[in-house]
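Working notes, beginning with the structure itself.
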Amino acid sequence: NPAMKGEEQLLSISKNSLMLNANQLLRKLFSATMAKWRTDCLERPLRIYFEKLGCFIGCHPWWFLITPLVLSTGLGCGFYFITDRMCNNIEEQFTPVDGKAKMERKYIQETFPGNESVFSTLRLSTSGNYATLIATNDRNILTVESLQDILHLDYKIRNMLVQLDNQSFQYVDVCAGVMGSCTPNDIIDIIKGYANNIESVNLTFPWYHSNSRSVPLYLSLGNVKLNKESLIVESAEAIRLYYHLREDTKAKSDLWLESFINLLSNESSTSIQVSYSTSMSIQWEFEKSPASVIYLFSISYAIAITFSIVSCWRLDNVRTKVWVAFCGVLATGLAVLSGFGALLLLGQPFVMTAASCPFMILGIGLDDMFIMISCWQRTRVLDSIPDRMAHTYRDAAVSITITTLTDALALFLGCTSPFGSVQSFCLYAGVSICFCYLYNITFLGACMALNGHREAGRKHWLTCAKIPEDLPSGTSRGSSICCTGGSYNSVTEKEETECISHILEKLYGPFLTHKLTKAYVFVFYVCYLAVSIYGCWILKEGLDIRNLALDDSYIIDYYNNQSQHFSEYSCNVMVAVKQPFPYWDVDRQKQLLSCVSNFESMKHVNSTFAWFFSFQEFANATNLSISSQDAFQSHLPHFLELTPMFRQDINMSAANEIQASRFFIQILNQVPMKDTMVGLRETAEECPVELLVYHPAFIYADQYTIIIDNTIQTVLVALIAMLMVSLALIPNILCSVWVAFSICSVIVGVTGFMGLCSINLDSISMINLIMCVGFSVDFSAHASYSFVSSPKHDLNEKAVDALAHLGYPILQGALSTVLGVAVLSLSMSYIFRTFFKVVFLVVAFGLLHGLVFIPVFLTLFGDFEVCC
């Protein structure tokens, strides 16, 4: 029925009209509500202030040029103290300052002090002082030929002469001893120093039992092949030897360790391959890292200068910004000189991670410079230099103030991190960014004013000779290119727009704001978010200690061999009974034995080694009764005389009462160290007896327990701070929210792709994530601020206008940042390569948000008037 169809169409039109009117009403109500919020209370006065400052700098440029040079020269004197301020202790910088394991170690050291005359690796509260080597053979290391080479190498090591103050000493003079003799290597001790004896010895694994003692052979032999019917060793691929040194002769020990490294580095054999390390190797290798990137600084700044000049080059010999670009790079150099110098003068420790700051500051400084140049080009050419500077500062200074505040805030909040390396980086970077901002406002502004005077005089950028805008006809083309300049758009009275800005305005902007493109962008963003969240799910945490050394370090081979050949058994963990305990009481013994059983029931615990088990066996073997306090205390001293090593496991009072004691559990390498440590601590807390578990490796494993929570906490606090800055300085609440949204989105993306790129979350990548908060603001804040400041009324036009004005500077800033850190990809250090990878992710995703996601989202959800 045509009539009914007509009525249905009218009804449909009426419904659509009502919905449209309702939407318009809601928009007006929301706009009215938003209008009550004045968010330009700081932004408007800042614009006025910077406008006056720009005018003043334009009138007196030389003062603002010379003062930063003098200031940076004075502060730069702090570099004289850089050697004294170096603080690259790995434990101090890459483990939690107040880690639980450090408190546990303090208790162990105070309760169970070591005995130099009865050395025991099992009872060390630190990693110890030692040299070690792993000899490998792809077939069988337990052959006479291979053992002869190992014994020959062992002889060389033990008889190596080392010079100190015109005196010679050997291993025997510095070795850790047991009853007057150096600690033996078990495998050499078993064959009694003769390779041929291996044919007559039946080695059992993992423990070798002789008449006098039981030897943990799993510490000496790797990749063992056993007889199918017994525990007798048929072959092994690796032998590990240790040379333990006393800790009371630091100078001698370090010199002997250096000689050990030199000796092993020049040794070669046809039957065995040798890798080696020492207790100081990772520290010494880590300290080489800063020197490995020093030459990269000059390359980085050369690239930055070249890029800046090329990107600011104009064919017009008057309007070209060559000298401004050069001064922009110089300003960042002065900022690093001043920031680092000031902190060094104040005695602030300098950690190696801070060495990557200059690369980051370079990118930030150039980003600000490109913004200022872009704003200068939008001023009227015929205005006076003070007026042009005033207009430049009015438009640019607030934008770079927002990014500087957010960068600095994010970094200063990072100083609350429990990792010393993070604190040092954030402090040095934060102060340098503040100086970078100061010098961009003053020094770079003065350079722009002086360059403006040259332009006003229509002088050549190189010769400073006055040149005409056009040469007479008939002049050669070469003369026209080299000897003319000063043209501008006679309609707008402004400098000609760059080609890329024109492309962004005429082609990219309209394409991006097309309805179909917006739909594709939204789908792409959903995919980006899904992949990023998956990456966050698979992200691993923790710093692999070997990554602190350079890639070509000798210790990499040692760690690889250790992982390949000695990965089954992990370590022996101390379990301290922190209270006086009546070991003679049967009922109380059951409580302790129940706790021991709980430990042994864990899948990664292999066995328990305890003095009270040995004492019980001794009592049973000698028919002694130790079931009463008097009997226990009277027989214990005799047992300790026979086994003096156990004296270190008991803390006794003057009245021979046990105040505390300890035993040991053997850990298998079946689960990560974090899970092992957390599982042992939880089991200890469940025990009715007050227990403490500790191993020196827990000092480094503590980072696993706090790194995620601390990173999330720091990033969230920084995010809130960023939102407050945005609300204060961007005159639109909704745009401020979009800036915060962009930061969250970039952080999720960077974190997720870290997981996909196999970059662990550790104290090094944590630095980059904190920096990511500030960096990601640079892109979204510029885009949002430019969108809000646009005089256009249509949302699509506002987005296109924002892209035309700040799209090219944002692109320049992104490229300059990547180029600034690109040379770090060539570094042999994991720390600097990780810095490059994460900065690249930050810039890539920041650029994607600033030039794609944010403009689209603002056109979709930003239909609100700027609050006045």
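Residue numbering restarts at 1 for every chain of the structure tokens, chains are lettered A, B, ... in their displayed order, and ligands are numbered from 1 as they appear.
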Would you write out, as a Markdown table, a table of all residues in segment 145-220 of chain A that have an atom no more than 10 Å from an atom of segment 235-257 of chain A, listing for each the closest atom pair and the distance in Å to one decimal, considering only C-alpha atoms and ordering rows by chain and rising residue number?
| residue | atom | partner | partner_atom | distance |
| --- | --- | --- | --- | --- |
| A:Leu147 | CA | A:Ile239 | CA | 9.4 |
| A:Ile150 | CA | A:Ile239 | CA | 8.8 |
| A:Asp154 | CA | A:Leu241 | CA | 8.6 |
| A:Ile157 | CA | A:Tyr243 | CA | 9.0 |
| A:Arg158 | CA | A:Tyr243 | CA | 8.8 |
| A:Met160 | CA | A:Trp256 | CA | 8.7 |
| A:Leu161 | CA | A:Trp256 | CA | 8.7 |
| A:Val162 | CA | A:Trp256 | CA | 6.3 |
| A:Gln163 | CA | A:Leu255 | CA | 8.2 |
| A:Leu164 | CA | A:Lys252 | CA | 7.3 |
| A:Phe169 | CA | A:Lys252 | CA | 8.5 |
| A:Gln170 | CA | A:Trp256 | CA | 8.0 |
| A:Tyr171 | CA | A:Trp256 | CA | 7.6 |
| A:Val172 | CA | A:Leu245 | CA | 9.2 |
| A:Asp173 | CA | A:Lys252 | CA | 9.1 |
| A:Val174 | CA | A:Leu245 | CA | 5.6 |
| A:Cys175 | CA | A:Leu245 | CA | 4.2 |
| A:Ala176 | CA | A:Leu245 | CA | 4.6 |
| A:Gly177 | CA | A:Arg246 | CA | 7.9 |
| A:Cys182 | CA | A:His244 | CA | 8.2 |
| A:Thr183 | CA | A:His244 | CA | 7.0 |
| A:Pro184 | CA | A:Tyr243 | CA | 8.2 |
| A:Asn185 | CA | A:Leu241 | CA | 6.0 |
| A:Asp186 | CA | A:Leu241 | CA | 8.4 |
| A:Ile187 | CA | A:Ile239 | CA | 8.1 |
| A:Ile188 | CA | A:Leu241 | CA | 8.8 |
| A:Leu203 | CA | A:Ser235 | CA | 9.8 |
| A:Leu217 | CA | A:Ile239 | CA | 9.9 |
| A:Tyr218 | CA | A:Arg240 | CA | 9.6 |
| A:Leu219 | CA | A:Arg240 | CA | 7.2 |
| A:Ser220 | CA | A:Arg240 | CA | 4.8 |
Requested in this report: Would you mind listing what lies within 8 Å of segment 104-121 of chain A as a list in words, with only C-alpha atoms counted and same-chain residues fewer than 2 positions away left out?
Outcome: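 Near neighbours after the sequence-gap exclusion: Lys100, Ala101, Lys102, Arg123, Leu124, Ser125, Gly128, Ala176, Gly177, Val178, Met179, Gly180, Thr183, Arg246, Ala576, Pro644, Met645, Gln648, Asp649, Ile650, Asn651, Ala660, Leu692, Val693, Tyr694 and Pro696 of chain A.
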Report task. Measuring atom to atom with only C-alpha atoms, identify which of A:Leu512, A:Asn598, A:Ala410, A:Lys792 is nearest to Met771 of chain A. Result -> A:Ala410
Query raised in the report: Which neighbours of Thr401 of chain A fall inside 10 Å, counting only C-alpha atoms, when residues of the same chain fewer than 5 positions from it are skipped, and could you give them as a PyMOL selection string?
Result: chain A and resi 46+368+396+406-407+437+441+725+729
**Report entry** Residues near Val324 of chain A, cut-off 10 Å, only C-alpha atoms, skip fewer than 6 positions along chain, as an MDAnalysis selection string
**Finding:** chainID A and resid 308:309 312 330 369:370 373 444:452
Restrict the selected residues to all heavy atoms and save them as a compact mmCIF listing (two decimals), in the first residue's frame.
# COMPACT_ATOMS: atom_id res chain seq x y z
N SER A 308 69.72 18.53 10.82
CA SER A 308 69.09 19.81 11.13
C SER A 308 69.30 20.82 10.01
O SER A 308 68.36 21.53 9.60
CB SER A 308 69.66 20.37 12.44
OG SER A 308 69.43 19.49 13.50
N ILE A 309 70.53 20.87 9.50
CA ILE A 309 70.82 21.83 8.43
C ILE A 309 70.05 21.47 7.16
O ILE A 309 69.47 22.33 6.50
CB ILE A 309 72.34 21.87 8.17
CG1 ILE A 309 73.05 22.54 9.36
CG2 ILE A 309 72.65 22.61 6.87
CD1 ILE A 309 74.56 22.53 9.26
N CYS A 312 66.34 22.19 7.59
CA CYS A 312 66.04 23.63 7.70
C CYS A 312 66.57 24.43 6.50
O CYS A 312 66.47 25.65 6.49
CB CYS A 312 66.64 24.19 8.99
SG CYS A 312 65.89 23.53 10.49
N LEU A 330 73.86 23.21 18.98
CA LEU A 330 74.79 23.74 19.98
C LEU A 330 74.10 23.95 21.32
O LEU A 330 74.67 23.69 22.38
CB LEU A 330 75.39 25.05 19.47
CG LEU A 330 76.38 25.76 20.40
CD1 LEU A 330 77.58 24.86 20.71
CD2 LEU A 330 76.85 27.07 19.79
N MET A 369 63.42 23.13 18.75
CA MET A 369 63.94 24.07 17.75
C MET A 369 63.04 24.08 16.50
O MET A 369 62.71 25.15 15.96
CB MET A 369 65.36 23.68 17.35
CG MET A 369 65.97 24.56 16.25
SD MET A 369 67.44 23.85 15.53
CE MET A 369 66.77 22.52 14.55
N PHE A 370 62.63 22.92 16.04
CA PHE A 370 61.79 22.85 14.85
C PHE A 370 60.44 23.53 15.09
O PHE A 370 59.88 24.16 14.18
CB PHE A 370 61.58 21.39 14.45
CG PHE A 370 62.83 20.71 13.96
CD1 PHE A 370 63.18 19.44 14.42
CD2 PHE A 370 63.66 21.34 13.05
CE1 PHE A 370 64.33 18.82 13.96
CE2 PHE A 370 64.82 20.72 12.59
CZ PHE A 370 65.16 19.46 13.06
N ILE A 373 61.09 27.32 14.86
CA ILE A 373 61.31 27.75 13.48
C ILE A 373 59.99 27.78 12.72
O ILE A 373 59.71 28.71 11.94
CB ILE A 373 62.33 26.83 12.78
CG1 ILE A 373 63.73 27.05 13.36
CG2 ILE A 373 62.34 27.08 11.27
CD1 ILE A 373 64.79 26.13 12.79
N LEU A 444 68.88 29.99 21.87
CA LEU A 444 68.34 29.74 20.54
C LEU A 444 67.46 30.91 20.08
O LEU A 444 67.50 31.31 18.91
CB LEU A 444 67.54 28.44 20.53
CG LEU A 444 66.92 28.04 19.18
CD1 LEU A 444 67.99 27.88 18.12
CD2 LEU A 444 66.10 26.76 19.32
N GLY A 445 66.69 31.48 21.02
CA GLY A 445 65.88 32.65 20.67
C GLY A 445 66.73 33.81 20.21
O GLY A 445 66.39 34.51 19.24
N ALA A 446 67.86 34.03 20.89
CA ALA A 446 68.77 35.11 20.49
C ALA A 446 69.34 34.85 19.10
O ALA A 446 69.47 35.78 18.28
CB ALA A 446 69.90 35.23 21.51
N CYS A 447 69.68 33.57 18.83
CA CYS A 447 70.19 33.23 17.50
C CYS A 447 69.13 33.48 16.42
O CYS A 447 69.45 33.97 15.32
CB CYS A 447 70.63 31.77 17.47
SG CYS A 447 72.05 31.41 18.52
N MET A 448 67.88 33.18 16.74
CA MET A 448 66.80 33.43 15.79
C MET A 448 66.64 34.93 15.54
O MET A 448 66.40 35.37 14.41
CB MET A 448 65.49 32.84 16.31
CG MET A 448 65.43 31.33 16.29
SD MET A 448 63.84 30.69 16.86
CE MET A 448 62.76 31.28 15.58
N ALA A 449 66.76 35.71 16.61
CA ALA A 449 66.63 37.17 16.46
C ALA A 449 67.75 37.73 15.60
O ALA A 449 67.51 38.56 14.70
CB ALA A 449 66.65 37.83 17.84
N LEU A 450 68.98 37.28 15.84
CA LEU A 450 70.11 37.75 15.03
C LEU A 450 69.97 37.30 13.59
O LEU A 450 70.27 38.05 12.65
CB LEU A 450 71.43 37.23 15.63
CG LEU A 450 71.79 37.81 17.00
CD1 LEU A 450 73.01 37.10 17.58
CD2 LEU A 450 72.08 39.31 16.88
N ASN A 451 69.50 36.06 13.41
CA ASN A 451 69.26 35.57 12.05
C ASN A 451 68.14 36.37 11.39
O ASN A 451 68.16 36.63 10.18
CB ASN A 451 68.90 34.09 12.10
CG ASN A 451 68.89 33.46 10.73
OD1 ASN A 451 69.93 33.28 10.09
ND2 ASN A 451 67.70 33.11 10.24
N GLY A 452 67.14 36.81 12.21
CA GLY A 452 66.06 37.64 11.69
C GLY A 452 66.56 39.00 11.23
O GLY A 452 66.10 39.53 10.20
Query raised in the report: In Å, with one decimal, what is the gap from atom CA of Cys55 of chain A to atom CA of Glu43 of chain A?
Result: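 Distance reported for this atom pair: 18.3 Å.
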**Report entry** All residues 12 Å or closer to Leu75 of chain A, only C-alpha atoms, same chain fewer than 5 positions away omitted, as JSON, numbers by chain
**Finding:** {"A": [68, 69, 70, 80, 81, 334, 335, 336, 337, 338, 339, 340, 341, 342, 343, 344, 345, 346, 432, 435]}
With N, CA and C atoms kept, could you save the residues just selected as a PDB file, in the first residue's frame?
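Final output, part.pdb:
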ATOM      1  N   PRO A  68      74.208  32.420  28.330  1.00  0.00           N
ATOM      2  CA  PRO A  68      74.226  30.951  28.371  1.00  0.00           C
ATOM      3  C   PRO A  68      75.602  30.359  28.092  1.00  0.00           C
ATOM      4  N   LEU A  69      76.377  31.020  27.201  1.00  0.00           N
ATOM      5  CA  LEU A  69      77.731  30.531  26.919  1.00  0.00           C
ATOM      6  C   LEU A  69      78.607  30.611  28.156  1.00  0.00           C
ATOM      7  N   VAL A  70      78.536  31.728  28.867  1.00  0.00           N
ATOM      8  CA  VAL A  70      79.330  31.896  30.089  1.00  0.00           C
ATOM      9  C   VAL A  70      78.881  30.918  31.176  1.00  0.00           C
ATOM     10  N   TYR A  80      85.467  18.015  35.442  1.00  0.00           N
ATOM     11  CA  TYR A  80      86.786  17.711  36.027  1.00  0.00           C
ATOM     12  C   TYR A  80      86.668  16.625  37.088  1.00  0.00           C
ATOM     13  N   PHE A  81      85.498  16.535  37.739  1.00  0.00           N
ATOM     14  CA  PHE A  81      85.307  15.585  38.837  1.00  0.00           C
ATOM     15  C   PHE A  81      84.630  14.291  38.390  1.00  0.00           C
ATOM     16  N   LEU A 334      75.197  22.563  24.986  1.00  0.00           N
ATOM     17  CA  LEU A 334      75.385  23.410  26.170  1.00  0.00           C
ATOM     18  C   LEU A 334      74.519  22.928  27.332  1.00  0.00           C
ATOM     19  N   ALA A 335      73.311  22.420  27.011  1.00  0.00           N
ATOM     20  CA  ALA A 335      72.421  21.919  28.062  1.00  0.00           C
ATOM     21  C   ALA A 335      73.016  20.706  28.752  1.00  0.00           C
ATOM     22  N   VAL A 336      73.561  19.787  27.973  1.00  0.00           N
ATOM     23  CA  VAL A 336      74.210  18.595  28.559  1.00  0.00           C
ATOM     24  C   VAL A 336      75.415  19.019  29.386  1.00  0.00           C
ATOM     25  N   LEU A 337      76.208  19.934  28.846  1.00  0.00           N
ATOM     26  CA  LEU A 337      77.385  20.420  29.566  1.00  0.00           C
ATOM     27  C   LEU A 337      76.988  21.049  30.900  1.00  0.00           C
ATOM     28  N   SER A 338      75.938  21.845  30.899  1.00  0.00           N
ATOM     29  CA  SER A 338      75.501  22.529  32.118  1.00  0.00           C
ATOM     30  C   SER A 338      74.845  21.558  33.104  1.00  0.00           C
ATOM     31  N   GLY A 339      73.941  20.712  32.601  1.00  0.00           N
ATOM     32  CA  GLY A 339      73.232  19.789  33.484  1.00  0.00           C
ATOM     33  C   GLY A 339      74.155  18.804  34.154  1.00  0.00           C
ATOM     34  N   PHE A 340      75.007  18.162  33.369  1.00  0.00           N
ATOM     35  CA  PHE A 340      75.949  17.200  33.932  1.00  0.00           C
ATOM     36  C   PHE A 340      76.956  17.905  34.842  1.00  0.00           C
ATOM     37  N   GLY A 341      77.467  19.055  34.359  1.00  0.00           N
ATOM     38  CA  GLY A 341      78.473  19.769  35.134  1.00  0.00           C
ATOM     39  C   GLY A 341      77.955  20.219  36.478  1.00  0.00           C
ATOM     40  N   ALA A 342      76.706  20.730  36.513  1.00  0.00           N
ATOM     41  CA  ALA A 342      76.124  21.198  37.779  1.00  0.00           C
ATOM     42  C   ALA A 342      75.997  20.059  38.787  1.00  0.00           C
ATOM     43  N   LEU A 343      75.524  18.907  38.336  1.00  0.00           N
ATOM     44  CA  LEU A 343      75.341  17.767  39.251  1.00  0.00           C
ATOM     45  C   LEU A 343      76.684  17.205  39.705  1.00  0.00           C
ATOM     46  N   LEU A 344      77.665  17.212  38.813  1.00  0.00           N
ATOM     47  CA  LEU A 344      79.000  16.747  39.205  1.00  0.00           C
ATOM     48  C   LEU A 344      79.625  17.694  40.223  1.00  0.00           C
ATOM     49  N   LEU A 345      79.400  18.999  40.055  1.00  0.00           N
ATOM     50  CA  LEU A 345      79.905  19.968  41.037  1.00  0.00           C
ATOM     51  C   LEU A 345      79.245  19.773  42.398  1.00  0.00           C
ATOM     52  N   LEU A 346      77.974  19.328  42.394  1.00  0.00           N
ATOM     53  CA  LEU A 346      77.247  19.103  43.641  1.00  0.00           C
ATOM     54  C   LEU A 346      77.558  17.742  44.259  1.00  0.00           C
ATOM     55  N   SER A 432      69.169  18.120  32.829  1.00  0.00           N
ATOM     56  CA  SER A 432      69.632  18.512  31.488  1.00  0.00           C
ATOM     57  C   SER A 432      68.479  19.013  30.631  1.00  0.00           C
ATOM     58  N   PHE A 435      67.790  22.594  31.554  1.00  0.00           N
ATOM     59  CA  PHE A 435      68.762  23.486  30.927  1.00  0.00           C
ATOM     60  C   PHE A 435      68.503  23.593  29.421  1.00  0.00           C
TER      61      PHE A 435
END
Report task. Enumerate as a PyMOL selection string all residues of segment 32-193 of chain A assigned to helix (DSSP H, G or I) by DSSP on the backbone, naming them with the chain letters and numbers the document uses. Result -> chain A and resi 32-35+43-59+61-85+90-94+100-111+121-123+144-158+171-174+186-190
Query raised in the report: Using only C-alpha atoms, which residue out of A:Asn560, A:Ser816, A:Gln377, A:Ser275 lies closest to Lys494 of chain A?
Result: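 When distances to Lys494 of chain A are compared using only C-alpha atoms, the smallest one comes from A:Gln377.
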**Report entry** Val586 of chain A surroundings by only C-alpha atoms, 12 Å radius, close-in-sequence under 6 positions cut, as a list in words
**Finding:**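 Final neighbour list, sorted by chain and number: Leu592, Leu593, Ile626, Ser627, Ser628 and Gln629 of chain A.
For the residues A:Val215, A:Ile141, A:Ala783, A:Ile743, ranking by smallest atom-to-atom distance to Lys798 of chain A using only C-alpha atoms places A:Ala783 first.
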Report task. For segment 529-533 of chain A, work out the shell of residues within 9 Å, counting only C-alpha atoms and skipping chain neighbours fewer than 6 positions away, then give it as JSON, numbers by chain. Result -> {"A": [745, 748, 749, 750, 751, 752, 753, 755, 756]}
Sorted per-residue table, segment 379-459 of chain A near segment 699-722 of chain A, closest atoms and distance, 9 Å, only C-alpha atoms, as JSON lines:
{"residue": "A:Leu405", "atom": "CA", "partner": "A:Met722", "partner_atom": "CA", "distance": 8.3}
{"residue": "A:Thr406", "atom": "CA", "partner": "A:Met722", "partner_atom": "CA", "distance": 5.6}
{"residue": "A:Asp407", "atom": "CA", "partner": "A:Met722", "partner_atom": "CA", "distance": 8.8}
{"residue": "A:Leu409", "atom": "CA", "partner": "A:Ala718", "partner_atom": "CA", "distance": 7.0}
{"residue": "A:Ala410", "atom": "CA", "partner": "A:Ala718", "partner_atom": "CA", "distance": 5.1}
{"residue": "A:Leu411", "atom": "CA", "partner": "A:Ala718", "partner_atom": "CA", "distance": 8.5}
{"residue": "A:Leu413", "atom": "CA", "partner": "A:Ala718", "partner_atom": "CA", "distance": 6.5}
{"residue": "A:Gly414", "atom": "CA", "partner": "A:Thr714", "partner_atom": "CA", "distance": 6.5}
{"residue": "A:Thr416", "atom": "CA", "partner": "A:Thr714", "partner_atom": "CA", "distance": 7.9}
{"residue": "A:Ser417", "atom": "CA", "partner": "A:Asn710", "partner_atom": "CA", "distance": 7.2}
{"residue": "A:Pro418", "atom": "CA", "partner": "A:Asn710", "partner_atom": "CA", "distance": 8.2}
{"residue": "A:Phe419", "atom": "CA", "partner": "A:Gln703", "partner_atom": "CA", "distance": 8.8}
Step one, run DSSP on the backbone; step two, keep only residues of segment 362-585 of chain A assigned to strand (DSSP E or B); then write them as a PDB file with N, CA, C and O atoms, in the first residue's frame.
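For reference, out.pdb as written:
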ATOM      1  N   PHE A 419      65.956   1.636  42.283  1.00  0.00           N
ATOM      2  CA  PHE A 419      67.190   1.254  41.605  1.00  0.00           C
ATOM      3  C   PHE A 419      68.088   2.480  41.433  1.00  0.00           C
ATOM      4  O   PHE A 419      67.666   3.497  40.876  1.00  0.00           O
ATOM      5  N   LYS A 459      70.500  39.817   3.699  1.00  0.00           N
ATOM      6  CA  LYS A 459      71.916  39.452   3.589  1.00  0.00           C
ATOM      7  C   LYS A 459      72.060  37.951   3.351  1.00  0.00           C
ATOM      8  O   LYS A 459      71.282  37.153   3.867  1.00  0.00           O
ATOM      9  N   LYS A 466      74.679  41.950   1.221  1.00  0.00           N
ATOM     10  CA  LYS A 466      73.309  42.246   0.823  1.00  0.00           C
ATOM     11  C   LYS A 466      73.098  41.811  -0.612  1.00  0.00           C
ATOM     12  O   LYS A 466      73.907  42.118  -1.498  1.00  0.00           O
ATOM     13  N   ASN A 489      55.635  35.404   0.399  1.00  0.00           N
ATOM     14  CA  ASN A 489      54.297  35.423  -0.178  1.00  0.00           C
ATOM     15  C   ASN A 489      53.717  36.832  -0.026  1.00  0.00           C
ATOM     16  O   ASN A 489      53.478  37.291   1.089  1.00  0.00           O
ATOM     17  N   LYS A 494      53.997  36.334   4.530  1.00  0.00           N
ATOM     18  CA  LYS A 494      54.726  35.349   5.322  1.00  0.00           C
ATOM     19  C   LYS A 494      55.664  34.562   4.427  1.00  0.00           C
ATOM     20  O   LYS A 494      55.566  34.612   3.197  1.00  0.00           O
ATOM     21  N   GLU A 541      60.365 -10.339  33.026  1.00  0.00           N
ATOM     22  CA  GLU A 541      61.038  -9.338  33.834  1.00  0.00           C
ATOM     23  C   GLU A 541      62.370  -9.871  34.342  1.00  0.00           C
ATOM     24  O   GLU A 541      62.584 -11.069  34.404  1.00  0.00           O
ATOM     25  N   LEU A 550      80.085  -6.200  27.624  1.00  0.00           N
ATOM     26  CA  LEU A 550      80.066  -5.962  26.193  1.00  0.00           C
ATOM     27  C   LEU A 550      79.927  -7.284  25.445  1.00  0.00           C
ATOM     28  O   LEU A 550      80.281  -8.351  25.969  1.00  0.00           O
ATOM     29  N   TYR A 569      71.735 -28.290  38.296  1.00  0.00           N
ATOM     30  CA  TYR A 569      71.756 -27.955  39.714  1.00  0.00           C
ATOM     31  C   TYR A 569      72.012 -26.459  39.862  1.00  0.00           C
ATOM     32  O   TYR A 569      72.903 -25.906  39.233  1.00  0.00           O
ATOM     33  N   SER A 570      71.240 -25.831  40.721  1.00  0.00           N
ATOM     34  CA  SER A 570      71.307 -24.382  40.847  1.00  0.00           C
ATOM     35  C   SER A 570      72.256 -23.955  41.967  1.00  0.00           C
ATOM     36  O   SER A 570      73.388 -23.595  41.722  1.00  0.00           O
ATOM     37  N   CYS A 571      71.801 -23.984  43.210  1.00  0.00           N
ATOM     38  CA  CYS A 571      72.603 -23.467  44.314  1.00  0.00           C
ATOM     39  C   CYS A 571      72.135 -24.093  45.618  1.00  0.00           C
ATOM     40  O   CYS A 571      71.099 -24.753  45.683  1.00  0.00           O
ATOM     41  N   ASN A 572      72.917 -23.898  46.665  1.00  0.00           N
ATOM     42  CA  ASN A 572      72.543 -24.321  48.004  1.00  0.00           C
ATOM     43  C   ASN A 572      72.068 -23.107  48.787  1.00  0.00           C
ATOM     44  O   ASN A 572      72.823 -22.168  49.011  1.00  0.00           O
ATOM     45  N   VAL A 573      70.810 -23.121  49.190  1.00  0.00           N
ATOM     46  CA  VAL A 573      70.215 -21.989  49.882  1.00  0.00           C
ATOM     47  C   VAL A 573      70.306 -22.190  51.386  1.00  0.00           C
ATOM     48  O   VAL A 573      70.041 -23.285  51.903  1.00  0.00           O
ATOM     49  N   MET A 574      70.719 -21.129  52.087  1.00  0.00           N
ATOM     50  CA  MET A 574      70.771 -21.177  53.550  1.00  0.00           C
ATOM     51  C   MET A 574      69.363 -21.048  54.120  1.00  0.00           C
ATOM     52  O   MET A 574      68.566 -20.230  53.637  1.00  0.00           O
ATOM     53  N   VAL A 575      69.088 -21.814  55.152  1.00  0.00           N
ATOM     54  CA  VAL A 575      67.860 -21.653  55.921  1.00  0.00           C
ATOM     55  C   VAL A 575      68.277 -21.433  57.369  1.00  0.00           C
ATOM     56  O   VAL A 575      68.816 -22.334  58.008  1.00  0.00           O
ATOM     57  N   ALA A 576      68.068 -20.236  57.872  1.00  0.00           N
ATOM     58  CA  ALA A 576      68.490 -19.888  59.228  1.00  0.00           C
ATOM     59  C   ALA A 576      67.320 -20.025  60.196  1.00  0.00           C
ATOM     60  O   ALA A 576      66.210 -19.553  59.912  1.00  0.00           O
ATOM     61  N   VAL A 577      67.580 -20.701  61.322  1.00  0.00           N
ATOM     62  CA  VAL A 577      66.608 -20.765  62.418  1.00  0.00           C
ATOM     63  C   VAL A 577      66.914 -19.571  63.319  1.00  0.00           C
ATOM     64  O   VAL A 577      67.925 -19.550  64.020  1.00  0.00           O
TER      65      VAL A 577
END
Requested in this report: Give the answer as one residue: which of A:Asp383, A:Leu263, A:Thr204, A:Thr83 has the shortest atom-to-atom distance to Lys156 of chain A, using only C-alpha atoms?
Outcome: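 Checking each of A:Asp383, A:Leu263, A:Thr204, A:Thr83 against Lys156 of chain A, counting only C-alpha atoms, the winner is A:Leu263.
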